[in-house]
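Below is the file my_file_20.cif, which contains mmCIF, C-alpha atoms.
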data_coords
loop_
_atom_site.label_atom_id
_atom_site.label_comp_id
_atom_site.auth_asym_id
_atom_site.auth_seq_id
_atom_site.Cartn_x
_atom_site.Cartn_y
_atom_site.Cartn_z
CA MET A 258 -4.16 11.74 -20.97
CA LYS A 259 -2.02 12.12 -17.89
CA ILE A 260 -1.42 8.93 -16.04
CA ALA A 261 -1.18 8.64 -12.30
CA LEU A 262 -0.24 5.95 -9.88
CA LEU A 263 -2.35 6.47 -6.83
CA SER A 264 -2.17 4.53 -3.66
CA LEU A 265 -4.68 5.19 -0.99
CA LEU A 266 -4.64 3.54 2.36
CA LEU A 267 -7.34 4.20 4.95
CA ILE A 268 -6.85 2.61 8.34
CA SER A 269 -9.96 2.87 10.37
CA LEU A 270 -9.81 2.07 14.05
CA LEU A 271 -13.44 1.92 15.03
CA ILE A 272 -13.44 1.81 18.80
CA SER A 273 -16.62 1.27 20.79
CA SER A 274 -17.72 0.96 24.42
CA ALA A 275 -19.83 -2.15 24.89
CA CYS A 276 -19.15 -2.25 28.62
CA GLN A 277 -20.14 1.35 29.25
CA PRO A 278 -23.44 3.21 28.87
CA GLU A 279 -23.92 5.08 25.62
CA GLN A 280 -22.27 8.48 25.70
CA LYS A 281 -23.81 11.67 24.42
CA PRO A 282 -22.05 14.12 22.11
CA THR A 283 -19.59 16.27 23.99
CA GLU A 284 -19.80 20.03 24.19
CA SER A 285 -16.71 20.23 22.01
CA THR A 286 -18.68 19.11 18.96
CA PRO A 287 -21.89 21.15 18.89
CA GLU A 288 -24.51 20.63 16.20
CA GLY A 289 -23.06 21.48 12.80
CA GLU A 290 -19.42 21.35 13.91
CA ILE A 291 -18.12 18.04 12.59
CA SER A 292 -14.43 18.50 13.23
CA ARG A 293 -11.77 20.57 14.93
CA TYR A 294 -8.07 20.04 14.47
CA ILE A 295 -5.73 19.73 17.42
CA LYS A 296 -2.04 18.86 17.33
CA SER A 297 0.40 17.15 19.59
CA ASP A 298 2.98 19.48 21.07
CA LEU A 299 5.50 17.48 19.02
CA ALA A 300 6.02 18.24 15.33
CA ARG A 301 6.99 15.66 12.74
CA GLU A 302 10.68 14.85 12.88
CA THR A 303 11.89 15.87 9.42
CA ALA A 304 15.49 14.70 9.93
CA PRO A 305 15.20 11.47 11.94
CA GLU A 306 18.48 9.95 13.06
CA VAL A 307 17.98 6.60 11.41
CA ASP A 308 20.84 4.59 9.98
CA PRO A 309 20.41 3.87 6.23
CA ASP A 310 20.82 0.16 7.01
CA VAL A 311 17.72 0.37 9.22
CA ILE A 312 15.74 2.00 6.40
CA ASN A 313 16.84 -0.76 4.03
CA ALA A 314 15.95 -3.39 6.62
CA LEU A 315 12.46 -1.92 6.94
CA ALA A 316 12.02 -2.01 3.17
CA GLU A 317 13.16 -5.65 3.14
CA ASP A 318 10.71 -6.42 5.95
CA ASN A 319 7.94 -4.78 3.94
CA ALA A 320 8.83 -6.91 0.91
CA ALA A 321 8.74 -10.07 3.06
CA PHE A 322 5.30 -9.05 4.35
CA ALA A 323 4.19 -8.33 0.77
CA LEU A 324 5.11 -11.83 -0.36
CA ALA A 325 3.58 -13.48 2.72
CA PHE A 326 0.33 -11.56 2.22
CA TYR A 327 0.39 -12.31 -1.53
CA ASN A 328 0.66 -16.03 -0.78
CA GLN A 329 -2.38 -15.81 1.49
CA VAL A 330 -4.67 -14.06 -1.01
CA GLN A 331 -3.49 -14.90 -4.54
CA ALA A 332 -5.56 -18.08 -4.90
CA GLN A 333 -8.80 -16.10 -4.55
CA HIS A 334 -8.01 -13.67 -7.40
CA ASP A 335 -7.39 -14.19 -11.11
CA ASN A 336 -5.95 -10.68 -11.17
CA LEU A 337 -4.62 -9.18 -7.96
CA ILE A 338 -3.48 -5.75 -6.86
CA PHE A 339 -2.72 -4.52 -3.36
CA SER A 340 -0.38 -2.07 -1.64
CA PRO A 341 1.97 -3.76 0.84
CA LEU A 342 3.48 -0.41 1.81
CA SER A 343 0.07 1.02 2.64
CA LEU A 344 -0.98 -2.07 4.57
CA SER A 345 2.27 -2.16 6.50
CA LEU A 346 2.27 1.57 7.16
CA ALA A 347 -1.34 1.68 8.36
CA LEU A 348 -1.06 -1.39 10.55
CA SER A 349 2.11 0.11 12.06
CA MET A 350 0.17 3.23 12.98
CA ALA A 351 -2.35 0.99 14.74
CA MET A 352 0.51 -0.96 16.31
CA ALA A 353 1.66 2.26 17.97
CA GLY A 354 -1.26 1.70 20.35
CA ALA A 355 -0.76 -2.03 20.84
CA GLU A 356 0.98 -3.56 23.85
CA GLY A 357 2.26 -6.95 25.04
CA ASP A 358 1.42 -10.04 23.04
CA THR A 359 -0.79 -8.06 20.64
CA GLN A 360 2.12 -5.83 19.73
CA ARG A 361 4.43 -8.83 19.26
CA ALA A 362 1.84 -10.59 17.09
CA MET A 363 1.52 -7.53 14.85
CA MET A 364 5.32 -7.20 14.69
CA ASP A 365 5.64 -10.84 13.61
CA THR A 366 2.84 -10.56 11.04
CA LEU A 367 4.40 -7.46 9.49
CA GLN A 368 7.76 -9.30 9.39
CA PHE A 369 9.59 -6.57 11.32
CA SER A 370 13.17 -7.47 12.19
CA MET A 371 13.80 -4.49 14.49
CA PRO A 372 12.48 -3.49 17.92
CA GLU A 373 9.06 -1.82 17.93
CA GLU A 374 10.47 1.49 19.11
CA GLU A 375 12.63 1.63 15.97
CA VAL A 376 9.79 0.89 13.54
CA HIS A 377 8.07 4.28 13.65
CA PRO A 378 11.21 6.44 13.19
CA ALA A 379 12.31 4.05 10.43
CA PHE A 380 8.97 4.49 8.66
CA ASN A 381 9.33 8.24 8.96
CA ALA A 382 12.81 8.10 7.40
CA LEU A 383 11.63 5.71 4.68
CA LEU A 384 8.70 7.94 3.74
CA LEU A 385 10.92 11.02 3.68
CA ALA A 386 13.34 9.20 1.35
CA ILE A 387 10.50 8.22 -0.96
CA GLU A 388 9.10 11.75 -0.99
CA ALA A 389 12.55 13.18 -1.77
CA SER A 390 12.75 11.09 -4.94
CA GLN A 391 10.12 13.21 -6.64
CA GLY A 392 12.89 15.61 -7.60
CA ASN A 393 14.68 12.97 -9.66
CA ALA A 394 12.36 13.36 -12.63
CA ASP A 395 13.76 15.57 -15.37
CA GLU A 396 12.48 19.10 -14.87
CA SER A 397 10.97 19.11 -18.36
CA GLU A 398 9.08 15.90 -17.63
CA GLN A 399 8.10 16.47 -14.03
CA GLU A 400 5.03 18.60 -14.60
CA GLY A 401 2.26 16.14 -15.35
CA GLY A 402 4.66 13.22 -15.66
CA PHE A 403 5.49 12.48 -12.07
CA GLN A 404 4.05 13.54 -8.74
CA LEU A 405 4.23 12.05 -5.27
CA SER A 406 2.57 13.01 -2.02
CA ILE A 407 1.90 11.16 1.23
CA ALA A 408 -0.72 12.32 3.75
CA ASN A 409 -1.84 10.96 7.11
CA SER A 410 -4.80 11.93 9.28
CA ILE A 411 -6.34 10.87 12.59
CA TRP A 412 -10.05 11.21 13.34
CA GLY A 413 -11.07 10.78 16.98
CA GLN A 414 -14.20 11.12 19.09
CA ALA A 415 -14.15 14.41 20.97
CA GLY A 416 -13.95 13.75 24.68
CA TYR A 417 -12.53 10.23 24.34
CA ASP A 418 -9.44 9.60 26.44
CA PHE A 419 -6.67 9.06 23.89
CA LYS A 420 -3.24 8.71 25.41
CA ALA A 421 -0.85 11.55 24.67
CA THR A 422 2.03 9.11 24.07
CA PHE A 423 0.05 7.42 21.26
CA LEU A 424 -0.75 10.75 19.60
CA ASP A 425 2.86 11.89 20.02
CA ILE A 426 4.20 8.83 18.16
CA LEU A 427 1.87 9.48 15.25
CA ALA A 428 2.66 13.20 15.21
CA GLN A 429 6.44 12.74 15.28
CA ASN A 430 6.66 9.91 12.79
CA TYR A 431 3.58 10.17 10.59
CA GLY A 432 3.05 13.94 10.68
CA SER A 433 -0.59 13.96 11.68
CA GLY A 434 -2.62 15.82 14.27
CA LEU A 435 -6.05 14.78 15.50
CA TYR A 436 -9.36 15.82 13.93
CA LEU A 437 -12.05 15.83 16.61
CA VAL A 438 -15.36 14.52 15.26
CA ASP A 439 -18.69 13.45 16.73
CA PHE A 440 -19.03 9.78 15.89
CA ILE A 441 -21.60 9.42 18.68
CA GLY A 442 -24.03 12.15 17.65
CA GLN A 443 -23.28 12.55 13.93
CA PRO A 444 -21.77 9.31 12.61
CA GLU A 445 -22.96 9.76 9.02
CA GLN A 446 -21.59 13.29 8.85
CA ALA A 447 -18.28 12.05 10.23
CA ARG A 448 -18.19 9.26 7.63
CA ALA A 449 -18.88 11.74 4.83
CA THR A 450 -16.14 14.06 6.10
CA ILE A 451 -13.53 11.30 6.18
CA ASN A 452 -14.60 9.99 2.77
CA GLN A 453 -14.23 13.52 1.36
CA TRP A 454 -10.72 13.79 2.82
CA VAL A 455 -9.86 10.51 1.09
CA ALA A 456 -11.32 11.71 -2.22
CA ASP A 457 -9.45 15.02 -2.00
CA GLU A 458 -6.10 13.36 -1.22
CA THR A 459 -6.49 10.93 -4.14
CA LYS A 460 -7.81 13.43 -6.68
CA GLU A 461 -11.25 11.78 -6.58
CA LYS A 462 -9.88 8.32 -7.49
CA ILE A 463 -11.17 6.74 -4.29
CA LYS A 464 -14.71 7.68 -3.30
CA ASP A 465 -16.96 6.40 -0.51
CA LEU A 466 -14.17 4.32 0.99
CA LEU A 467 -16.12 3.97 4.22
CA PRO A 468 -19.47 2.43 3.23
CA GLN A 469 -22.70 3.19 5.03
CA GLY A 470 -22.65 1.51 8.42
CA ALA A 471 -18.85 1.44 8.71
CA ILE A 472 -19.06 4.43 11.08
CA ASP A 473 -21.58 4.25 13.89
CA THR A 474 -22.14 5.56 17.41
CA LEU A 475 -19.53 3.12 18.77
CA THR A 476 -16.73 4.46 16.57
CA ARG A 477 -13.97 6.23 18.45
CA LEU A 478 -10.97 6.53 16.11
CA VAL A 479 -10.10 6.46 12.41
CA LEU A 480 -6.50 6.58 11.15
CA ALA A 481 -6.09 7.48 7.48
CA ASN A 482 -3.12 7.41 5.13
CA ALA A 483 -3.18 8.43 1.48
CA ILE A 484 -0.35 8.04 -1.01
CA TYR A 485 -0.63 9.79 -4.38
CA PHE A 486 1.85 8.64 -7.00
CA LYS A 487 1.75 9.75 -10.61
CA GLY A 488 4.13 7.91 -12.88
CA ALA A 489 4.54 8.19 -16.64
CA TRP A 490 6.91 5.75 -18.33
CA ARG A 491 10.46 6.91 -18.99
CA TYR A 492 10.09 5.12 -22.33
CA PRO A 493 6.42 5.37 -23.36
CA PHE A 494 4.80 2.89 -25.69
CA GLU A 495 3.56 4.20 -29.03
CA VAL A 496 -0.21 3.84 -29.27
CA SER A 497 0.12 3.00 -32.97
CA ASN A 498 2.15 -0.10 -32.06
CA THR A 499 -0.57 -1.58 -29.83
CA LYS A 500 -2.16 -4.60 -31.48
CA GLU A 501 -4.71 -7.26 -30.61
CA GLU A 502 -2.77 -10.43 -29.83
CA PRO A 503 -3.35 -13.74 -28.00
CA PHE A 504 -2.66 -14.18 -24.28
CA ASN A 505 -2.28 -17.66 -22.75
CA LEU A 506 -4.54 -18.29 -19.75
CA LEU A 507 -3.78 -20.60 -16.85
CA ASP A 508 -6.18 -23.27 -18.13
CA GLY A 509 -4.32 -23.51 -21.43
CA SER A 510 -6.84 -21.54 -23.47
CA GLU A 511 -6.20 -18.21 -25.19
CA THR A 512 -7.86 -14.82 -25.14
CA LEU A 513 -7.26 -11.76 -27.29
CA ILE A 514 -5.83 -8.71 -25.53
CA ASP A 515 -4.34 -5.32 -26.47
CA MET A 516 -0.57 -5.84 -26.53
CA MET A 517 1.66 -2.75 -26.32
CA HIS A 518 5.09 -2.83 -27.97
CA LEU A 519 8.41 -1.12 -27.17
CA SER A 520 11.31 -1.75 -29.55
CA GLY A 521 15.00 -2.02 -28.75
CA SER A 522 14.94 -0.31 -25.36
CA ASN A 523 17.85 -0.61 -22.94
CA LEU A 524 16.16 -2.11 -19.87
CA PRO A 525 17.15 -4.14 -16.78
CA TYR A 526 16.53 -7.77 -17.75
CA LEU A 527 17.13 -11.25 -16.37
CA LYS A 528 16.56 -14.70 -17.78
CA GLY A 529 16.39 -17.01 -14.80
CA GLU A 530 15.54 -20.66 -14.37
CA GLY A 531 11.94 -21.01 -15.53
CA PHE A 532 11.21 -17.27 -15.74
CA GLN A 533 12.21 -13.91 -17.17
CA ALA A 534 12.21 -10.53 -15.40
CA ILE A 535 12.22 -6.99 -16.73
CA SER A 536 11.99 -3.54 -15.14
CA LEU A 537 10.36 -0.46 -16.64
CA PRO A 538 11.43 2.91 -15.16
CA TYR A 539 9.12 5.83 -14.67
CA VAL A 540 10.20 9.40 -15.50
CA SER A 541 11.56 9.55 -11.98
CA THR A 542 13.91 6.62 -12.35
CA ASP A 543 13.93 6.09 -8.59
CA PHE A 544 10.64 4.28 -9.27
CA GLN A 545 10.10 1.31 -11.54
CA MET A 546 7.71 -1.52 -12.31
CA THR A 547 9.29 -4.98 -12.33
CA LEU A 548 7.53 -7.85 -14.10
CA LEU A 549 8.25 -11.50 -13.36
CA VAL A 550 7.18 -13.71 -16.26
CA PRO A 551 7.26 -17.49 -15.62
CA ASP A 552 7.62 -19.79 -18.60
CA VAL A 553 4.43 -21.18 -20.11
CA GLY A 554 2.93 -23.77 -17.76
CA ASN A 555 5.25 -22.76 -14.90
CA PHE A 556 3.23 -19.99 -13.23
CA ALA A 557 1.85 -21.95 -10.24
CA ALA A 558 5.19 -23.64 -9.58
CA PHE A 559 6.99 -20.29 -9.75
CA GLU A 560 4.59 -18.75 -7.24
CA GLU A 561 5.34 -21.58 -4.82
CA ILE A 562 9.10 -21.03 -4.90
CA LEU A 563 9.03 -17.22 -4.94
CA THR A 564 10.81 -16.16 -1.73
CA PRO A 565 11.96 -12.86 -0.18
CA ASP A 566 15.56 -13.83 -0.99
CA LYS A 567 14.67 -14.36 -4.65
CA LEU A 568 12.95 -10.99 -4.78
CA SER A 569 15.84 -9.19 -3.10
CA SER A 570 18.41 -10.75 -5.43
CA LEU A 571 16.65 -9.64 -8.62
CA ALA A 572 18.17 -6.16 -8.75
CA SER A 573 21.74 -7.41 -8.47
CA GLU A 574 21.19 -10.14 -11.06
CA MET A 575 19.52 -7.99 -13.72
CA THR A 576 21.66 -6.39 -16.41
CA PHE A 577 20.79 -3.86 -19.08
CA LYS A 578 19.78 -5.44 -22.38
CA GLN A 579 18.26 -4.26 -25.60
CA VAL A 580 14.70 -5.60 -25.37
CA ASN A 581 11.82 -5.69 -27.82
CA LEU A 582 8.99 -5.80 -25.31
CA GLY A 583 5.36 -6.75 -25.64
CA LEU A 584 3.29 -5.84 -22.57
CA PRO A 585 -0.48 -6.25 -22.19
CA LYS A 586 -2.58 -3.26 -21.32
CA PHE A 587 -4.50 -4.11 -18.18
CA ASP A 588 -7.11 -2.51 -16.01
CA PHE A 589 -8.69 -4.25 -13.02
CA ASN A 590 -9.46 -4.01 -9.33
CA ALA A 591 -9.47 -6.32 -6.34
CA SER A 592 -11.30 -6.36 -3.01
CA ILE A 593 -9.75 -8.23 -0.10
CA ASN A 594 -11.05 -8.97 3.37
CA ALA A 595 -7.70 -9.27 5.12
CA ASN A 596 -8.95 -10.69 8.43
CA ASN A 597 -8.20 -14.33 7.67
CA PRO A 598 -4.90 -13.69 5.82
CA LEU A 599 -3.59 -11.56 8.69
CA ALA A 600 -4.79 -14.06 11.29
CA ALA A 601 -3.09 -16.86 9.34
CA LEU A 602 0.13 -14.84 9.37
CA GLY A 603 -0.01 -14.63 13.17
CA MET A 604 -2.10 -11.58 13.99
CA GLY A 605 -5.19 -13.43 15.19
CA GLU A 606 -4.84 -12.12 18.74
CA ALA A 607 -5.55 -8.57 17.57
CA PHE A 608 -9.02 -9.73 16.47
CA ASP A 609 -9.80 -11.43 19.82
CA TYR A 610 -11.55 -9.28 22.42
CA ASP A 611 -10.33 -11.54 25.22
CA LYS A 612 -6.69 -11.23 24.18
CA ALA A 613 -6.24 -7.97 22.22
CA ASP A 614 -4.28 -5.30 24.05
CA PHE A 615 -4.56 -1.78 22.63
CA SER A 616 -3.92 -0.11 25.97
CA GLY A 617 -1.42 2.17 24.27
CA ILE A 618 -4.41 4.01 22.78
CA THR A 619 -6.53 4.28 25.92
CA ASP A 620 -6.60 2.86 29.43
CA ALA A 621 -9.99 1.26 28.76
CA ASP A 622 -9.55 -2.50 28.22
CA GLU A 623 -12.07 -2.69 25.39
CA LEU A 624 -10.44 -2.70 21.98
CA ALA A 625 -9.98 -5.33 19.26
CA ILE A 626 -9.79 -5.27 15.47
CA THR A 627 -13.05 -6.37 13.88
CA ASP A 628 -12.24 -5.97 10.16
CA VAL A 629 -9.34 -5.20 7.84
CA LEU A 630 -10.72 -4.38 4.40
CA HIS A 631 -8.55 -3.60 1.38
CA LYS A 632 -9.48 -2.46 -2.11
CA ALA A 633 -7.15 -1.61 -4.97
CA THR A 634 -7.26 -0.80 -8.66
CA ILE A 635 -4.61 -0.49 -11.38
CA THR A 636 -4.51 0.62 -15.01
CA VAL A 637 -1.43 0.18 -17.22
CA ASP A 638 -1.39 1.66 -20.70
CA GLU A 639 0.97 3.25 -23.22
CA GLU A 640 1.67 6.34 -21.11
CA GLY A 641 2.16 4.89 -17.64
CA THR A 642 0.39 3.51 -14.61
CA GLU A 643 -2.61 4.53 -12.55
CA ALA A 644 -3.49 2.68 -9.38
CA ALA A 645 -5.36 3.21 -6.15
CA ALA A 646 -5.56 1.18 -2.96
CA ALA A 647 -7.68 1.54 0.15
CA THR A 648 -7.64 -0.33 3.44
CA ALA A 649 -10.01 -0.05 6.38
CA VAL A 650 -9.00 -1.52 9.72
CA VAL A 651 -11.98 -1.54 12.06
CA ILE A 652 -11.39 -1.78 15.80
CA GLY A 653 -14.21 -2.08 18.26
CA ILE A 654 -14.52 -2.92 21.84
CA ARG A 655 -15.69 -6.02 22.31
CA SER A 656 24.93 -2.84 -17.64
CA MET A 657 25.89 -2.72 -21.44
CA PRO A 658 23.42 -3.49 -24.23
CA SER A 659 23.71 -6.85 -25.98
CA ASP A 660 24.54 -7.11 -29.67
CA GLU A 661 21.19 -8.66 -30.54
CA PRO A 662 17.93 -7.42 -29.02
CA ILE A 663 16.05 -9.80 -26.76
CA THR A 664 12.39 -10.30 -27.57
CA LEU A 665 10.03 -10.72 -24.64
CA VAL A 666 6.31 -10.86 -25.40
CA ILE A 667 4.43 -11.18 -22.14
CA ASP A 668 1.66 -13.36 -23.55
CA ARG A 669 1.10 -15.37 -20.38
CA PRO A 670 0.37 -14.78 -16.69
CA PHE A 671 2.89 -12.66 -14.81
CA ILE A 672 3.62 -11.10 -11.42
CA PHE A 673 4.45 -7.43 -11.00
CA PHE A 674 5.54 -5.00 -8.33
CA ILE A 675 6.24 -1.27 -8.21
CA GLU A 676 9.13 -0.20 -6.01
CA HIS A 677 11.20 2.75 -4.89
CA GLN A 678 14.66 1.73 -6.10
CA PRO A 679 16.92 3.54 -3.60
CA THR A 680 15.25 1.85 -0.62
CA HIS A 681 13.62 -1.12 -2.43
CA ALA A 682 10.34 -0.22 -0.71
CA MET A 683 7.50 -2.03 -2.45
CA LEU A 684 4.50 0.23 -3.12
CA PHE A 685 2.33 -2.27 -5.02
CA MET A 686 2.36 -5.97 -5.82
CA GLY A 687 0.05 -8.18 -7.84
CA ARG A 688 -0.41 -10.62 -10.64
CA VAL A 689 -2.14 -10.71 -14.02
CA THR A 690 -3.56 -13.98 -15.26
CA GLN A 691 -6.36 -12.56 -17.42
CA PRO A 692 -5.77 -9.02 -18.75
#
As structure tokens, the full file:
Amino acid sequence: MKIALLSLLLISLLISSACQPEQKPTESTPEGEISRYIKSDLARETAPEVDPDVINALAEDNAAFALAFYNQVQAQHDNLIFSPLSLSLALSMAMAGAEGDTQRAMMDTLQFSMPEEEVHPAFNALLLAIEASQGNADESEQEGGFQLSIANSIWGQAGYDFKATFLDILAQNYGSGLYLVDFIGQPEQARATINQWVADETKEKIKDLLPQGAIDTLTRLVLANAIYFKGAWRYPFEVSNTKEEPFNLLDGSETLIDMMHLSGSNLPYLKGEGFQAISLPYVSTDFQMTLLVPDVGNFAAFEEILTPDKLSSLASEMTFKQVNLGLPKFDFNASINANNPLAALGMGEAFDYDKADFSGITDADELAITDVLHKATITVDEEGTEAAAATAVVIGIRSMPSDEPITLVIDRPFIFFIEHQPTHAMLFMGRVTQP
């Protein structure tokens, strides 16, 4: 079985016209023609002049947002998986059309430490760096063992007055043109078309992302981003070594789980105060999964003191050790309504019709975010990792080995994240309390 790590992010800006009479389908989308593709005059900038320090700063900002978002949602989920990179990337695409206080609120929520005009080129450079790392898998292992692709798309109502500057930013930095669709006359057909694009870009892992009713006659724009990541372990676990073993739950009870075992592997490892950490590389060693394992009874306290500085210092503090590792197999999904978490982090204005300012998208003073919905799934087994994530944002108007191997059996709740090592960009983050 070939294992894939898939991240899908769909940002859906559903823009309606409550203050104007209902429009009729334009002549540009006749019956049966659901979409046409038009492009900005500007192509994607494939060699952006962005200082490497800016790329690293953006990755650090993304990690800070990941932890802030994690702290907002973790209490509602025994097991949690989400994609901070996808959330940050998609919301940044929406932010390209925000102005004034709304833009500043989104900047603060996403933890950006640079001016807004630097964010989009920095994202472009970051994504190009991540894409380039696909070549770091051994040639013999690359086919089927590691793949990476990132795709963006924009779906807009034909005849709606989208500003050229907004479309130019997305074309130059996110590489997407505009699909013209007829949300007004054929909303269900438009929804099916976008859902099919999502399914195609994720190899059918995410289907029906936009549920019935998510697209209606008031929809004006949908932004979509899909990340496909396929990662087999550099050091796979032998299936024959997987055994049923106990796992300690947060309430002190035990449950039996399938525990995978890897013996004597040279892996980045750290024993810190009240926790252990270990990293598992994929066949492209630019990517790895890091697991943070608090001591028994220390999980909640560890979550409370986990900071961006602690996360950023892990790489420098870890050293290579011979490790006999026990890792649970796990397979779960999570659904998150991100409205309240994002509002709590400072983005509430973007949800308020009286205050939201998306005049960078259109001159009409009528836009506000109505919903940010996120779904994700992850499977970890002997061969590697498979995960998928989807977000819908709805906008409407109104070192050296040690002599003795270390044994780490992860038989208790843990936190994990998957990152791109050269930039430290965090693709996924989550926790497992009940495999």
Contact residues around Ala449 of chain A with all atoms listed in the file at 12 Å, ignoring same-chain residues under 6 positions, as an NGL selection string: :A and (291-292 or 438 or 440 or 443 or 455-456 or 464-472)
Point out the residue among A:Ala389, A:Asn505, A:Asp628, A:Pro538 with the least atom-to-atom distance to Arg669 of chain A, counting all atoms listed in the file. A:Asn505
Name the residues captured by the PyMOL selection byres ((chain A and resi 353) around 10) when it is applied to the shown file; answer as a ChimeraX atom specification. /A:348-352,354-356,360,373-374,376-377,422-427,615,617-618
Using all atoms listed in the file, which protein or nucleic acid residues come within 7 Å of Leu527 of chain A? Drop anything in the same chain fewer than 5 positions from it, and give the result as a count of residues only. 6
Report as an NGL selection string the residues that result from applying the PyMOL selection byres ((chain A and resi 293-310) around 10) to the structure here. :A and (285-286 or 290-292 or 311-316 or 375 or 378-383 or 385 or 411-412 or 415 or 421-438 or 680)
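Checking A:Leu342, A:Ile667, A:Ala591, A:Ala572 one by one against Lys632 of chain A, counting all atoms listed in the file, you find the shortest gap at A:Ala591.
Proximity of A:Ala595, A:Ala644, A:Leu563, A:Met546 to Trp490 of chain A, computed with all atoms listed in the file, is greatest for A:Met546.
Minimum atom-to-atom distances from A:Ile338, A:Leu571, A:Arg477, A:Phe322 to Gly442 of chain A were compared using all atoms listed in the file, and the lowest value belongs to A:Arg477.
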Could you tell me which residues the PyMOL selection byres ((chain A and resi 496) around 10) returns for this structure, as a PyMOL selection string? chain A and resi 493-495+497-500+517-518+638-640
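The residue that comes closest to Leu599 of chain A, out of A:Leu513, A:Val629, A:Leu665, A:Ala347 and on the basis of only C-alpha atoms, is A:Val629.
Note that atom CA of Leu478 of chain A and atom CA of Asp620 of chain A are 14.5 Å apart.
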